[in-house]
Amino acid sequence: MLMQLFERAALLLICLFFITRIPRFKETLQKNSHSPGELTLLTLIFCMFALFGTYTGIEVEGSLVNVRIIAIMSGGILFGPWVGIITGIISGIHRYLIDIGGVTSIPCLITSILAGVGSGYIGRRVSRSKRWLVGIAAGMICEALTMLLILVMAHPYALGLDIVSKIGLPMIIGEVSIGLIVLLIQSVEGEKENIAARQAKLALDIANKTLPYFRSINAESLHTICSIIKEDIKADAVAITDTRNVLAYVGFGEERYHIGDEIISDVTKSTIRSGKITIRNHIADDKTPQIQSLLIIPLEERGEVTGTLKIYYRKAYKITYPLQTMAIGLSQIISTLMEVSRVEQIKEAANKAELKALQTKINPHFLFNALNAIASTTRTKPDKARELIINLSGYLRYNLELNDDLIEIHKELQQVSDYVEIEKARFGNRLQVEYVMDEVSVLIPSLIIQPLVENAINHGILKKKGPGTVTISVRDRGEKVRISVADTGVGIRDDVVDNLYHDQVPVKQIGLYNVHRRLKLMYGEGVIILKHKPGTEVYFDIPKEKS
């Protein structure tokens with residue numbers, strides 16, 4: 001009798017095994033929570049197993065040795081109280097109705113319902129790793145209670161005792177099958193961890209491929225991003241939208257969608273409003289009726305929906321659990337990358353605006369000093385004044401025509417030379433300027449050396465008695481070019497250096513601060529100031545790769 005009972009339990013296990021191989025059912029098993037429709041389907045399946053257990057029972061003295069309790073307990077433990085309780089009630093009532101007045105019908109009705117309640121409790125309260133063992137114990141208790149009720153309710157008592165003596169041990173031992181069923185289904189559920197790992201890797205691979213295109217988000221880069229996603233997940237079409245318009249569409253039906261088209265899909269609008277994932281596994285789109293499966297995932301930035309990622313398939317029911325897992329992870333990565341890209345674009349625009357503002361502050365500063373120098377030589381040395389005017393006009397012409405933030409260092413040095421000539425004419429023998437130059441070719445920010453030379457002259461050389469020397473050097477240091485302006489003047493005060501590094505600079509020192517700030521914005525490091533005896537050296541490094 002025990003072997004026959006195990007045969008029926010084995011048949012139940014085989015049926016469950018094949019059901020778990022069905023993709024849609026397997027996907028249902030792997031979910032952490034289930035919809036009412038999915039719970040209804042699961043309840044029907046386990047009800048069928050319970051009824052099957054009753055109909056295939058072995059008749060012994062008017063009783064049935066069966067696997068009904070095994071089906072009830074397994075359903076409730078695996079899928080919660082609703083599955084367990086409803087299965088227990090339906091199968092218990094059925095057992096009673098097919099044998100009204102039978103010696104075991106009422107005990108079986110009672111324990112079937114109790115098994116449903118108990119299994120639901122185990123499914124909710126017992127840790128996942130212990131459910132199979134607790135399920136076996138609970139099933140044995142239910143069967144033991146059935147035997148006890150048979151003894152209490154049987155008339156005559158001898159009949160009940162005879163039935164229990166024959167079926168009690170096989171029925172109780174047979175509950176071991178509960179553990180096997182629970183472990184089987186849990187093994188299928190456990191596969192979702194491996195699936196999640198594979199899909200996370202796929203999402204990261206896609207993110208790595210698309211990362212370069214997020215540096216500058218535009219129609220072309222978004223089109224490329226959609227193409228990469230479509231190819232890697234084998235979709236028929238992929239689209240990205242903002243909250244109003246289509247930003248990119250790649251794949252089947254691409255000729256019907258254009259960048260900037262207004263979103264007309266109610267499903268997409270609903271996703272944007274709700275901020276929840278939308279899955280349609282059997283839907284016909286107005287523009288592309290061949291599309292049967294659709295997954296829409298909202299893209300969020302700072303908690304607000306800013307657009308959607310849409311994935312299309314021409315076959316129905318292609319939106320599987322693994323695809324959802326991957327797409328959700330991918331959408332989170334895309335949302336982050338798009339937000340970072342926008343922040344970087346805003347930062348870049350702000351940096352450019354600030355650089356332009358700083359540059360305009362320097363130009364008038366230089367112009368004022370240059371005009372003073374020219375004015376001082378107009379009467380005494382008109383030829384020299386004409387040369388200085390030519391120097392000034394050349395400098396200003398180049399500056400007005402300057403469009404790029406970076407220029408060749410030789411052009412920058414020509415500007416410095418124009419400035420120096422004006423200042424030498426202004427201060428005569430008090431000022432000597434030397435050049436120490438390596439042969440280098442590198443791009444540097446415009447108007448970055450002249451303010452340092454101006455500082456060296458005005459705050460170094462002119463603050464002491466007697467002549468002084470300013471040395472402008474450009475040295476090749478391998479991966480970098482070091483540009484230095486040194487003077488033999490009075491030296492820079494400690495408080496000026498401290499204020500500069502803490503962004504606390506008086507208006508009179510704006511030239512040095514502007515250079516320091518611009519270099520930090522562009523290269524992450526500003527000027528370095530060294531105190532010498534005598535004088536001061538200010539230098540900075542320009543990476544060669546910036547050229």
# chains A, B, ... in the order shown; residues from 1 in each chain; ligands from 1
call {"tool": "residues_around", "arguments": {"residues": "A:Tyr313", "least_positions_apart": "6", "cutoff": "7 Å", "atoms": "only C-alpha atoms", "output": "PyMOL selection string"}}
result
chain A and resi 235-237+291-294
call {"tool": "closest_residue", "arguments": {"among": "A:Pro451, A:Gly491, A:Pro543, A:Gly84", "to": "A:Leu512", "atoms": "only C-alpha atoms"}}
result
A:Pro451
call {"tool": "residues_around", "arguments": {"residues": "stretch 430-442 of chain A", "least_positions_apart": "6", "cutoff": "9 Å", "atoms": "only C-alpha atoms", "output": "list in words"}}
result
Ile407, Glu408, Ile409, His410, Val420, Glu423, Lys424, Ile457, Ile461, Leu462, Lys465, Gly466, Pro467, Gly468, Thr469, Val470, Thr471, Ile472, Ser473, Val474, Arg475, Asp476, Val481, Ile542, Pro543, Lys544, Glu545, Lys546 and Ser547 of chain A
call {"tool": "residues_around", "arguments": {"residues": "A:Ile178", "least_positions_apart": "3", "cutoff": "10 Å", "atoms": "only C-alpha atoms", "output": "JSON, numbers by chain"}}
result
{"A": [9, 13, 67, 69, 70, 71, 72, 73, 74, 75, 77, 131, 132, 133, 134, 135, 136, 137, 138, 139, 140, 174, 175, 181, 182, 183, 184]}
call {"tool": "write_last_selection", "arguments": {"atoms": "N, CA and C atoms", "output": "mmCIF file, in the first residue's frame"}}
result
data_model
loop_
_atom_site.group_PDB
_atom_site.id
_atom_site.type_symbol
_atom_site.label_atom_id
_atom_site.label_comp_id
_atom_site.auth_asym_id
_atom_site.auth_seq_id
_atom_site.Cartn_x
_atom_site.Cartn_y
_atom_site.Cartn_z
ATOM 1 N N ALA A 9 2.164 9.635 -5.690
ATOM 2 C CA ALA A 9 2.894 10.872 -5.392
ATOM 3 C C ALA A 9 3.955 11.138 -6.472
ATOM 4 N N LEU A 13 4.487 14.333 -8.869
ATOM 5 C CA LEU A 13 5.765 15.008 -9.057
ATOM 6 C C LEU A 13 6.123 15.136 -10.536
ATOM 7 N N VAL A 67 -3.395 10.935 -2.041
ATOM 8 C CA VAL A 67 -2.368 11.979 -1.914
ATOM 9 C C VAL A 67 -3.005 13.377 -1.877
ATOM 10 N N ILE A 69 -3.978 15.328 0.680
ATOM 11 C CA ILE A 69 -3.343 16.216 1.654
ATOM 12 C C ILE A 69 -1.996 16.707 1.131
ATOM 13 N N ILE A 70 -1.302 15.848 0.404
ATOM 14 C CA ILE A 70 0.001 16.246 -0.167
ATOM 15 C C ILE A 70 -0.179 17.430 -1.111
ATOM 16 N N ALA A 71 -1.212 17.362 -1.977
ATOM 17 C CA ALA A 71 -1.466 18.452 -2.929
ATOM 18 C C ALA A 71 -1.877 19.732 -2.211
ATOM 19 N N ILE A 72 -2.743 19.592 -1.196
ATOM 20 C CA ILE A 72 -3.208 20.776 -0.459
ATOM 21 C C ILE A 72 -2.050 21.460 0.255
ATOM 22 N N MET A 73 -1.272 20.681 0.989
ATOM 23 C CA MET A 73 -0.157 21.252 1.754
ATOM 24 C C MET A 73 0.879 21.890 0.836
ATOM 25 N N SER A 74 1.185 21.227 -0.271
ATOM 26 C CA SER A 74 2.198 21.760 -1.189
ATOM 27 C C SER A 74 1.758 23.103 -1.772
ATOM 28 N N GLY A 75 0.490 23.191 -2.202
ATOM 29 C CA GLY A 75 -0.020 24.429 -2.783
ATOM 30 C C GLY A 75 0.021 25.584 -1.812
ATOM 31 N N ILE A 77 1.862 25.904 1.017
ATOM 32 C CA ILE A 77 3.223 26.238 1.439
ATOM 33 C C ILE A 77 3.931 27.055 0.371
ATOM 34 N N ARG A 131 10.815 25.196 4.849
ATOM 35 C CA ARG A 131 9.420 24.886 4.531
ATOM 36 C C ARG A 131 9.211 23.422 4.160
ATOM 37 N N TRP A 132 10.172 22.848 3.457
ATOM 38 C CA TRP A 132 9.982 21.452 3.036
ATOM 39 C C TRP A 132 9.912 20.516 4.244
ATOM 40 N N LEU A 133 10.763 20.782 5.238
ATOM 41 C CA LEU A 133 10.798 19.927 6.422
ATOM 42 C C LEU A 133 9.566 20.141 7.299
ATOM 43 N N VAL A 134 9.214 21.423 7.510
ATOM 44 C CA VAL A 134 8.024 21.734 8.308
ATOM 45 C C VAL A 134 6.775 21.223 7.590
ATOM 46 N N GLY A 135 6.771 21.274 6.253
ATOM 47 C CA GLY A 135 5.638 20.765 5.474
ATOM 48 C C GLY A 135 5.437 19.282 5.678
ATOM 49 N N ILE A 136 6.531 18.528 5.705
ATOM 50 C CA ILE A 136 6.423 17.074 5.947
ATOM 51 C C ILE A 136 5.817 16.829 7.327
ATOM 52 N N ALA A 137 6.345 17.548 8.327
ATOM 53 C CA ALA A 137 5.836 17.355 9.697
ATOM 54 C C ALA A 137 4.359 17.731 9.783
ATOM 55 N N ALA A 138 3.966 18.858 9.159
ATOM 56 C CA ALA A 138 2.569 19.291 9.207
ATOM 57 C C ALA A 138 1.674 18.296 8.485
ATOM 58 N N GLY A 139 2.135 17.744 7.350
ATOM 59 C CA GLY A 139 1.341 16.756 6.620
ATOM 60 C C GLY A 139 1.133 15.494 7.448
ATOM 61 N N MET A 140 2.189 15.078 8.127
ATOM 62 C CA MET A 140 2.057 13.882 8.985
ATOM 63 C C MET A 140 1.090 14.122 10.132
ATOM 64 N N GLY A 174 3.662 8.623 3.793
ATOM 65 C CA GLY A 174 3.544 9.156 2.436
ATOM 66 C C GLY A 174 3.658 10.669 2.359
ATOM 67 N N GLU A 175 3.484 11.359 3.507
ATOM 68 C CA GLU A 175 3.574 12.819 3.503
ATOM 69 C C GLU A 175 4.994 13.333 3.251
ATOM 70 N N ILE A 181 7.952 17.775 -3.294
ATOM 71 C CA ILE A 181 7.267 18.732 -4.177
ATOM 72 C C ILE A 181 7.721 20.151 -3.880
ATOM 73 N N VAL A 182 7.810 20.485 -2.587
ATOM 74 C CA VAL A 182 8.232 21.841 -2.211
ATOM 75 C C VAL A 182 9.644 22.113 -2.715
ATOM 76 N N LEU A 183 10.544 21.143 -2.553
ATOM 77 C CA LEU A 183 11.922 21.327 -3.021
ATOM 78 C C LEU A 183 11.983 21.455 -4.544
ATOM 79 N N LEU A 184 11.133 20.702 -5.242
ATOM 80 C CA LEU A 184 11.106 20.786 -6.711
ATOM 81 C C LEU A 184 10.725 22.198 -7.164
#
call {"tool": "residues_around", "arguments": {"residues": "stretch 50-54 of chain A", "least_positions_apart": "4", "cutoff": "9 Å", "atoms": "only C-alpha atoms", "output": "list in words"}}
result
Arg8, Ala9, Leu12, Ile45, Phe46, Ile58, Leu64, Val65, Asn66, Val67, Arg68, Ile69, Ile70, Ala71, Ile72, Thr87, Gly88, Ile90, Ser91, His94 and Arg95 of chain A
call {"tool": "write_last_selection", "arguments": {"atoms": "N, CA and C atoms", "output": "PDB file, in the first residue's frame"}}
result
ATOM      1  N   ARG A   8       1.640   7.124  -6.751  1.00  0.00           N
ATOM      2  CA  ARG A   8       0.739   8.235  -7.063  1.00  0.00           C
ATOM      3  C   ARG A   8       1.399   9.590  -6.774  1.00  0.00           C
ATOM      4  N   ALA A   9       2.164   9.635  -5.690  1.00  0.00           N
ATOM      5  CA  ALA A   9       2.894  10.872  -5.392  1.00  0.00           C
ATOM      6  C   ALA A   9       3.955  11.138  -6.472  1.00  0.00           C
ATOM      7  N   LEU A  12       2.340  12.609  -9.399  1.00  0.00           N
ATOM      8  CA  LEU A  12       2.090  14.023  -9.115  1.00  0.00           C
ATOM      9  C   LEU A  12       3.362  14.855  -9.338  1.00  0.00           C
ATOM     10  N   ILE A  45      -4.797  24.511 -10.552  1.00  0.00           N
ATOM     11  CA  ILE A  45      -3.859  23.408 -10.762  1.00  0.00           C
ATOM     12  C   ILE A  45      -3.795  22.509  -9.535  1.00  0.00           C
ATOM     13  N   PHE A  46      -3.661  23.101  -8.360  1.00  0.00           N
ATOM     14  CA  PHE A  46      -3.537  22.280  -7.157  1.00  0.00           C
ATOM     15  C   PHE A  46      -4.876  21.653  -6.756  1.00  0.00           C
ATOM     16  N   ILE A  58      -6.665   4.470  -3.148  1.00  0.00           N
ATOM     17  CA  ILE A  58      -6.769   3.013  -2.992  1.00  0.00           C
ATOM     18  C   ILE A  58      -7.861   2.739  -1.957  1.00  0.00           C
ATOM     19  N   LEU A  64     -10.250   5.758   1.562  1.00  0.00           N
ATOM     20  CA  LEU A  64      -9.392   5.949   0.402  1.00  0.00           C
ATOM     21  C   LEU A  64      -7.993   6.361   0.865  1.00  0.00           C
ATOM     22  N   VAL A  65      -7.009   5.590   0.467  1.00  0.00           N
ATOM     23  CA  VAL A  65      -5.625   5.959   0.709  1.00  0.00           C
ATOM     24  C   VAL A  65      -5.189   6.823  -0.484  1.00  0.00           C
ATOM     25  N   ASN A  66      -4.930   8.106  -0.227  1.00  0.00           N
ATOM     26  CA  ASN A  66      -4.711   9.019  -1.358  1.00  0.00           C
ATOM     27  C   ASN A  66      -3.675  10.091  -1.034  1.00  0.00           C
ATOM     28  N   VAL A  67      -3.395  10.935  -2.041  1.00  0.00           N
ATOM     29  CA  VAL A  67      -2.368  11.979  -1.914  1.00  0.00           C
ATOM     30  C   VAL A  67      -3.005  13.377  -1.877  1.00  0.00           C
ATOM     31  N   ARG A  68      -4.263  13.449  -1.478  1.00  0.00           N
ATOM     32  CA  ARG A  68      -4.972  14.729  -1.468  1.00  0.00           C
ATOM     33  C   ARG A  68      -4.306  15.735  -0.524  1.00  0.00           C
ATOM     34  N   ILE A  69      -3.978  15.328   0.680  1.00  0.00           N
ATOM     35  CA  ILE A  69      -3.343  16.216   1.654  1.00  0.00           C
ATOM     36  C   ILE A  69      -1.996  16.707   1.131  1.00  0.00           C
ATOM     37  N   ILE A  70      -1.302  15.848   0.404  1.00  0.00           N
ATOM     38  CA  ILE A  70       0.001  16.246  -0.167  1.00  0.00           C
ATOM     39  C   ILE A  70      -0.179  17.430  -1.111  1.00  0.00           C
ATOM     40  N   ALA A  71      -1.212  17.362  -1.977  1.00  0.00           N
ATOM     41  CA  ALA A  71      -1.466  18.452  -2.929  1.00  0.00           C
ATOM     42  C   ALA A  71      -1.877  19.732  -2.211  1.00  0.00           C
ATOM     43  N   ILE A  72      -2.743  19.592  -1.196  1.00  0.00           N
ATOM     44  CA  ILE A  72      -3.208  20.776  -0.459  1.00  0.00           C
ATOM     45  C   ILE A  72      -2.050  21.460   0.255  1.00  0.00           C
ATOM     46  N   THR A  87      -7.986  25.351  -2.026  1.00  0.00           N
ATOM     47  CA  THR A  87      -7.766  23.966  -2.457  1.00  0.00           C
ATOM     48  C   THR A  87      -8.275  23.000  -1.390  1.00  0.00           C
ATOM     49  N   GLY A  88      -7.995  23.316  -0.131  1.00  0.00           N
ATOM     50  CA  GLY A  88      -8.447  22.446   0.949  1.00  0.00           C
ATOM     51  C   GLY A  88      -9.968  22.361   1.034  1.00  0.00           C
ATOM     52  N   ILE A  90     -12.275  23.071  -1.386  1.00  0.00           N
ATOM     53  CA  ILE A  90     -12.860  22.432  -2.577  1.00  0.00           C
ATOM     54  C   ILE A  90     -12.626  20.924  -2.555  1.00  0.00           C
ATOM     55  N   SER A  91     -11.380  20.517  -2.301  1.00  0.00           N
ATOM     56  CA  SER A  91     -11.088  19.072  -2.318  1.00  0.00           C
ATOM     57  C   SER A  91     -11.733  18.360  -1.136  1.00  0.00           C
ATOM     58  N   HIS A  94     -15.430  18.011  -1.958  1.00  0.00           N
ATOM     59  CA  HIS A  94     -15.563  16.971  -2.986  1.00  0.00           C
ATOM     60  C   HIS A  94     -15.435  15.580  -2.380  1.00  0.00           C
ATOM     61  N   ARG A  95     -14.437  15.436  -1.492  1.00  0.00           N
ATOM     62  CA  ARG A  95     -14.252  14.120  -0.840  1.00  0.00           C
ATOM     63  C   ARG A  95     -15.488  13.738  -0.045  1.00  0.00           C
TER      64      ARG A  95
END
call {"tool": "select_by_dssp", "arguments": {"residues": "stretch 84-231 of chain A", "states": "alpha helix (DSSP H)", "output": "JSON, numbers by chain"}}
result
{"A": [84, 85, 86, 87, 88, 89, 90, 91, 92, 93, 94, 95, 96, 97, 105, 106, 107, 108, 109, 110, 111, 112, 113, 114, 115, 116, 117, 118, 119, 120, 121, 122, 123, 124, 125, 131, 132, 133, 134, 135, 136, 137, 138, 139, 140, 141, 142, 143, 144, 145, 146, 147, 148, 149, 150, 151, 152, 153, 157, 158, 159, 160, 161, 162, 163, 164, 165, 166, 167, 168, 169, 170, 171, 172, 173, 176, 177, 178, 179, 180, 181, 182, 183, 184, 185, 186, 187, 188, 189, 190, 191, 192, 193, 194, 195, 196, 197, 198, 199, 200, 201, 202, 203, 204, 205, 206, 207, 208, 209, 210, 219, 220, 221, 222, 223, 224, 225, 226, 227, 228, 229, 230, 231]}
call {"tool": "select_by_dssp", "arguments": {"residues": "stretch 146-361 of chain A", "states": "strand (DSSP E or B)", "output": "ChimeraX atom specification"}}
result
/A:237-242,245-251,262,278-280,293-301,304-313
call {"tool": "residues_around", "arguments": {"residues": "A:Leu371", "least_positions_apart": "4", "cutoff": "10 Å", "atoms": "only C-alpha atoms", "output": "list in words"}}
result
Phe366, Leu367, Ala375, Ser376, Leu388, Ile389, Leu392 and Ile422 of chain A
call {"tool": "residues_around", "arguments": {"residues": "A:Ala203", "least_positions_apart": "6", "cutoff": "12 Å", "atoms": "only C-alpha atoms", "output": "PyMOL selection string"}}
result
chain A and resi 196-197+209-211+228-229+232-233+322-334
call {"tool": "write_last_selection", "arguments": {"atoms": "all heavy atoms", "output": "compact mmCIF listing (two decimals), in the first residue's frame"}}
result
# COMPACT_ATOMS: atom_id res chain seq x y z
N ALA A 196 18.56 36.38 -12.89
CA ALA A 196 18.81 37.79 -12.56
C ALA A 196 20.28 38.15 -12.76
O ALA A 196 20.61 39.23 -13.26
CB ALA A 196 18.39 38.06 -11.11
N ALA A 197 21.18 37.21 -12.39
CA ALA A 197 22.61 37.47 -12.56
C ALA A 197 22.97 37.59 -14.04
O ALA A 197 23.71 38.49 -14.45
CB ALA A 197 23.43 36.35 -11.91
N LYS A 209 28.46 49.29 -23.73
CA LYS A 209 28.48 49.59 -25.16
C LYS A 209 27.88 50.96 -25.46
O LYS A 209 28.32 51.66 -26.37
CB LYS A 209 27.69 48.51 -25.93
CG LYS A 209 28.36 47.15 -25.95
CD LYS A 209 27.50 46.16 -26.73
CE LYS A 209 28.10 44.77 -26.70
NZ LYS A 209 27.24 43.78 -27.43
N THR A 210 26.86 51.32 -24.69
CA THR A 210 26.16 52.58 -24.98
C THR A 210 26.76 53.78 -24.25
O THR A 210 26.46 54.93 -24.59
CB THR A 210 24.67 52.48 -24.58
OG1 THR A 210 24.57 52.13 -23.18
CG2 THR A 210 23.97 51.41 -25.40
N LEU A 211 27.62 53.53 -23.25
CA LEU A 211 28.16 54.62 -22.42
C LEU A 211 28.77 55.76 -23.23
O LEU A 211 28.49 56.94 -22.95
CB LEU A 211 29.19 54.06 -21.43
CG LEU A 211 29.84 55.08 -20.48
CD1 LEU A 211 28.78 55.77 -19.64
CD2 LEU A 211 30.87 54.39 -19.59
N ILE A 228 21.83 49.38 -30.40
CA ILE A 228 22.61 48.45 -29.57
C ILE A 228 21.68 47.61 -28.70
O ILE A 228 21.83 46.39 -28.59
CB ILE A 228 23.61 49.22 -28.71
CG1 ILE A 228 24.68 49.87 -29.61
CG2 ILE A 228 24.26 48.31 -27.67
CD1 ILE A 228 25.60 50.82 -28.87
N ILE A 229 20.70 48.25 -28.06
CA ILE A 229 19.75 47.52 -27.20
C ILE A 229 18.98 46.51 -28.03
O ILE A 229 18.82 45.34 -27.63
CB ILE A 229 18.78 48.50 -26.50
CG1 ILE A 229 19.56 49.42 -25.55
CG2 ILE A 229 17.70 47.74 -25.74
CD1 ILE A 229 18.72 50.54 -24.96
N ASP A 232 21.18 43.46 -28.93
CA ASP A 232 21.61 42.61 -27.82
C ASP A 232 20.46 41.83 -27.18
O ASP A 232 20.69 40.73 -26.66
CB ASP A 232 22.30 43.47 -26.75
CG ASP A 232 23.73 43.82 -27.14
OD1 ASP A 232 24.04 43.70 -28.33
OD2 ASP A 232 24.52 44.22 -26.27
N ILE A 233 19.24 42.37 -27.20
CA ILE A 233 18.13 41.64 -26.58
C ILE A 233 17.23 40.99 -27.62
O ILE A 233 16.18 40.44 -27.29
CB ILE A 233 17.28 42.56 -25.67
CG1 ILE A 233 16.54 43.63 -26.49
CG2 ILE A 233 18.14 43.21 -24.62
CD1 ILE A 233 15.60 44.48 -25.65
N PRO A 322 12.74 36.95 -17.40
CA PRO A 322 14.14 37.38 -17.58
C PRO A 322 14.26 38.70 -18.34
O PRO A 322 15.09 39.54 -17.98
CB PRO A 322 14.75 36.22 -18.39
CG PRO A 322 13.92 35.04 -18.05
CD PRO A 322 12.53 35.57 -17.88
N LEU A 323 13.44 38.88 -19.37
CA LEU A 323 13.50 40.12 -20.14
C LEU A 323 13.09 41.31 -19.26
O LEU A 323 13.71 42.38 -19.31
CB LEU A 323 12.59 40.04 -21.36
CG LEU A 323 12.52 41.31 -22.21
CD1 LEU A 323 13.88 41.66 -22.79
CD2 LEU A 323 11.49 41.15 -23.32
N GLN A 324 12.05 41.13 -18.46
CA GLN A 324 11.62 42.20 -17.58
C GLN A 324 12.73 42.57 -16.59
O GLN A 324 13.01 43.75 -16.36
CB GLN A 324 10.38 41.77 -16.80
CG GLN A 324 9.14 41.57 -17.66
CD GLN A 324 7.99 41.01 -16.83
OE1 GLN A 324 7.75 41.42 -15.71
NE2 GLN A 324 7.28 40.04 -17.38
N THR A 325 13.37 41.55 -16.02
CA THR A 325 14.45 41.78 -15.06
C THR A 325 15.57 42.58 -15.70
O THR A 325 16.07 43.56 -15.13
CB THR A 325 15.01 40.43 -14.55
OG1 THR A 325 13.95 39.68 -13.97
CG2 THR A 325 16.10 40.66 -13.52
N MET A 326 15.97 42.16 -16.90
CA MET A 326 17.04 42.85 -17.60
C MET A 326 16.64 44.28 -17.96
O MET A 326 17.40 45.23 -17.76
CB MET A 326 17.43 42.08 -18.87
CG MET A 326 18.63 42.62 -19.63
SD MET A 326 18.29 44.08 -20.63
CE MET A 326 17.00 43.42 -21.68
N ALA A 327 15.42 44.43 -18.50
CA ALA A 327 14.98 45.74 -18.98
C ALA A 327 14.85 46.73 -17.82
O ALA A 327 15.17 47.91 -17.98
CB ALA A 327 13.65 45.60 -19.71
N ILE A 328 14.41 46.27 -16.68
CA ILE A 328 14.28 47.16 -15.52
C ILE A 328 15.67 47.65 -15.09
O ILE A 328 15.88 48.84 -14.86
CB ILE A 328 13.58 46.44 -14.35
CG1 ILE A 328 12.10 46.19 -14.70
CG2 ILE A 328 13.69 47.25 -13.07
CD1 ILE A 328 11.39 45.29 -13.72
N GLY A 329 16.62 46.71 -15.00
CA GLY A 329 17.98 47.11 -14.65
C GLY A 329 18.57 48.05 -15.68
O GLY A 329 19.22 49.05 -15.34
N LEU A 330 18.32 47.75 -16.96
CA LEU A 330 18.85 48.59 -18.04
C LEU A 330 18.24 49.98 -17.99
O LEU A 330 18.93 50.99 -18.18
CB LEU A 330 18.58 47.94 -19.39
CG LEU A 330 19.09 48.68 -20.62
CD1 LEU A 330 20.60 48.83 -20.56
CD2 LEU A 330 18.67 47.96 -21.89
N SER A 331 16.95 50.06 -17.72
CA SER A 331 16.29 51.37 -17.68
C SER A 331 16.84 52.22 -16.54
O SER A 331 16.98 53.44 -16.67
CB SER A 331 14.77 51.20 -17.52
OG SER A 331 14.44 50.71 -16.23
N GLN A 332 17.16 51.57 -15.42
CA GLN A 332 17.73 52.32 -14.30
C GLN A 332 19.11 52.87 -14.67
O GLN A 332 19.46 54.01 -14.33
CB GLN A 332 17.83 51.41 -13.07
CG GLN A 332 16.46 51.04 -12.50
CD GLN A 332 16.54 49.95 -11.44
OE1 GLN A 332 17.54 49.25 -11.32
NE2 GLN A 332 15.48 49.79 -10.67
N ILE A 333 19.88 52.04 -15.38
CA ILE A 333 21.20 52.50 -15.82
C ILE A 333 21.06 53.65 -16.81
O ILE A 333 21.76 54.66 -16.73
CB ILE A 333 21.98 51.33 -16.45
CG1 ILE A 333 22.31 50.28 -15.39
CG2 ILE A 333 23.27 51.83 -17.11
CD1 ILE A 333 22.93 49.01 -15.93
N ILE A 334 20.12 53.49 -17.78
CA ILE A 334 19.91 54.54 -18.78
C ILE A 334 19.46 55.83 -18.11
O ILE A 334 19.93 56.92 -18.46
CB ILE A 334 18.88 54.07 -19.82
CG1 ILE A 334 19.48 52.97 -20.71
CG2 ILE A 334 18.41 55.24 -20.70
CD1 ILE A 334 18.51 52.39 -21.70
call {"tool": "atom_distance", "arguments": {"atom1": "atom CA of A:Asp418", "atom2": "atom CA of A:Asn391"}}
result
5.2 Å
